[in-house]
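J.: I am attaching a structure below and will ask some questions about it afterwards.
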Amino acid sequence: MNTKVRLAVMNFLEFAVWGAYLTCMGNYLGKAGLGENIAWFYAIQGIVSIFMPTLMGIVADKYIQPQRLLGLCHLLAGGFMLGCWWMGVQAGFGNELPNKSLFIALYTLSVAFFMPTIALANTTAFSILKTNGMDTVKDFPPIRVLGTIGFIATMWFVNCAVWEDGTFSFTLAENSHKFQYTYMQFFVSGLLSIVLCAYCFTLPECKLKKQEDGKKTSIVESLGLNAFKLFKTKKMALFFIFSALLGMCLQVTNGYAGPFITSFKGNPDFADTFAANNATLLTSISQISEALCILMIPFFLKRYGIKIVMLMSMFAWVFRFGFFGIGDPAVPGVTFFVLSCIVYGVAFDFFNVSGGIFVDQECDSDIKASAQGLFMMMTNGVGATIGTLIAGEVVNHFCQWKGDYLLGVEEGGWQTCWFIFAAFALIVGVSFALVFNPDKKKK
């Protein structure tokens, strides 16, 4: 099989695992008695990302080939995720989980081993492409776009799949047993992780860089912590700091877009609208936009450089949140929801994918996996954790669960939340424009 095709399949499965539950988990948590803890479930992804991607990056640089470590991580992540599914089965549909602490523990262990796989998948792809004499800036984005397609595929599947009374079917109409409201989303994710584990061991080798004979290795180098030396240069220090600040935006809509759009079902004027009953399907437009925007990255990155590309991402977040604030599920208000989903492609890709390419170009070959882990730590770790917890406090202040829906305490509660998030993204974008000036001569 063609090398690019094999890497594309890897990326498809990698993000299909995530797409099965990431954007619709909040709806299930509300029914399982964990609605007020939604922010913590997304913050857990950030907390484990503070140290796990870096640790796994060190292992991939020094001890285990990245494609093999990728498979082992998915084996563990999938096993723990299937444990979450089984707990849901035991509790039954629509019932609160009897042992919430164990459920949270299993979920935490699953994401602890999944989050490093995003950086490991990048490292594996970059290594195999370079080994075969290919250009990462040109050849990686078309491969990565298959990851977004995988994410979309499982989002659509979970949105439309119904399991009721032993019967499996698909529907776009409202149905209480849709996968997006049940524990079955965790089954889909766990099963795909196991499949990807097996697939990873069929990929070409990514040979570890051997230490030169007679060369002394410091304790820092032995532990793989020399990736942190990137903070010594002003350019990279600022890049990682702003990566963390922008990372504060990453999980906000993943955690709350679904409950927000679904909350309109509590309003008789919007209860029967397509958008309110198919929040997961609607928000998948975000991933469709993402797939298209990934293909634009080589042009924008080579033409304008990392600063302009990241600025475009930051201001896209302003519109992402702002459009949610002024929209509703009915026509013409739903147009703003669609626009919010369209700009998400620029907001996410022009930061995450371009940032990964930038880090790969700027660091030495012996710390590439560690550097990708560091980038992951700053964005999905430090940034996403702080941002998600703050967002949770904001949402819980202005909104509260009433039955199955997260509604504003007062009229305009949700709108206030989205405008607060938009204002933060605007401040970060303006600050980045003023202080970040990378070396334009370095390729």
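Lettering and numbering for the structure tokens are positional, with chains as A, B, ... in the shown order, residues counted from 1 in each chain, and ligands counted from 1 in the shown order.
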So that I can check the surroundings of A:Ala276, please list as a list in words every protein, DNA and RNA residue that reaches within 9 Å of it, counting only C-alpha atoms and ignoring chain neighbours fewer than 4 positions away.

T.: Phe260, Ile261, Thr262, Ser263, Phe264, Lys265, Phe270, Ala271, Asp272, Leu282, Asp328, Pro329 and Ala330 of chain A

J.: Please provide as a ChimeraX atom specification all residues within 9 Å of A:Phe201, with the sequence filter that same-chain residues fewer than 3 positions apart are discarded (counting only C-alpha atoms).

T.: /A:67-68,71,196-198,204

J.: Take the residues that were just selected and, keeping N, CA and C atoms, output them as a CSV table (one decimal), in the first residue's frame.

T.:
```
chain,number,residue,atom,x,y,z
A,67,GLN,N,5.7,4.6,16.3
A,67,GLN,CA,4.5,4.0,15.8
A,67,GLN,C,4.1,2.8,16.7
A,68,ARG,N,5.1,2.2,17.4
A,68,ARG,CA,4.7,1.1,18.3
A,68,ARG,C,4.2,1.6,19.6
A,71,GLY,N,0.6,2.5,19.1
A,71,GLY,CA,-0.3,1.3,19.2
A,71,GLY,C,-0.6,0.9,20.7
A,196,LEU,N,-7.0,0.4,15.9
A,196,LEU,CA,-5.9,1.2,15.5
A,196,LEU,C,-4.6,0.7,16.2
A,197,CYS,N,-4.7,0.1,17.4
A,197,CYS,CA,-3.6,-0.5,18.0
A,197,CYS,C,-3.0,-1.6,17.1
A,198,ALA,N,-3.8,-2.5,16.6
A,198,ALA,CA,-3.4,-3.5,15.7
A,198,ALA,C,-2.8,-3.0,14.4
A,204,PRO,N,5.5,1.2,8.8
A,204,PRO,CA,7.0,1.1,8.6
A,204,PRO,C,7.7,1.6,9.9
```

J.: Compile the contact shell of A:Ala433 as an MDAnalysis selection string: residues with an atom at most 10 Å away, counting only C-alpha atoms, same-chain residues fewer than 6 positions apart removed.

T.: chainID A and resid 307:308 310:311 314

J.: Can you tell me how far atom CA of A:Ile118 sits from atom CA of A:Ala77, in Å to one decimal?

T.: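 These atoms are spaced 12.5 Å apart.
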
J.: What gap, in Å, lies between atom CA of A:Ala423 and atom CA of A:Thr388?

T.: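 Separation between atom CA of A:Ala423 and atom CA of A:Thr388: 15.7 Å.
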
J.: Taking only stretch 185-419 of chain A into account, list the residues labelled helix (DSSP H, G or I) by DSSP (computed from the backbone), as an MDAnalysis selection string.

T.: chainID A and resid 185:200 219:222 225:232 234:247 252:266 274:277 279:294 297:326 334:362 365:398 413:419

J.: Show which residues sit within 9 Å of A:Lys402, as number ranges by chain. Count only C-alpha atoms, and ignore same-chain residues fewer than 4 positions away.

T.: A: 266, 406-407

J.: Taking only C-alpha atoms into account, name the residue in A:Leu208, A:Val318, A:Val252, A:Leu120 that is nearest to A:Tyr63.

T.: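 Closest residue, counting only C-alpha atoms: A:Leu208.
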
J.: Taking into account only C-alpha atoms, which residue in the set A:Val435, A:Cys84, A:Met25, A:Leu301 is nearest to A:Thr280?

T.: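 Smallest distance to A:Thr280 is found for A:Met25.
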
J.: Hey, which of A:Leu72, A:Ala125, A:Val395, A:Ile294 ends up closest to A:Leu203? Count only C-alpha atoms.

T.: A:Ala125

J.: Can you measure atom CA of A:Leu292 to atom CA of A:Phe350 for me? One decimal in Å is fine.

T.: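 For atom CA of A:Leu292 relative to atom CA of A:Phe350, the distance reads 11.4 Å.
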
J.: Any idea what's packed within 10 Å of A:Tyr21, counting only C-alpha atoms, ignoring anything in its chain fewer than 5 positions away? Could you give it as a VMD selection string?

T.: chain A and resid 16 26 28 151 154 to 155 158 179 to 180 183 to 189 254 280

J.: Quick one: everything within 7 Å of stretch 145-149 of chain A, counting only C-alpha atoms, minus sequence neighbours fewer than 3 positions away in the same chain. Send it as a list in words.

T.: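 Close residues of stretch 145-149 of chain A: Ala8, Asn11, Phe12, Leu13, Glu14, Phe15, Pro141, Pro142, Ile152, Ala153, Gln287, Glu290, Ala291 and Ile294 of chain A.
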
J.: I'd like to know which of A:Ala119, A:Ala316, A:Ala32, A:Ile38 is closest to A:Glu96, using only C-alpha atoms.

T.: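 Between A:Ala119, A:Ala316, A:Ala32, A:Ile38, the residue approaching A:Glu96 most closely is A:Ala32.
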
J.: From the list A:Tyr42, A:Tyr107, A:Phe239, A:Phe299, which residue is nearest A:Gly381 when using only C-alpha atoms?

T.: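 Under the stated criterion, the closest residue is A:Tyr42.
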
J.: I'd like to know which of A:Ala43, A:Thr273, A:Thr335, A:Lys229 is closest to A:Asp364, using only C-alpha atoms.

T.: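 The shortest atom-to-atom distance to A:Asp364 comes from A:Lys229.
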
J.: Find the residues around A:Gln361 up to 12 Å (only C-alpha atoms counted), leave out those fewer than 4 positions away in its own chain, and share them as a PyMOL selection string.

T.: chain A and resi 126+135-137+236+306+354-357+365+367-368+371-372+442-443
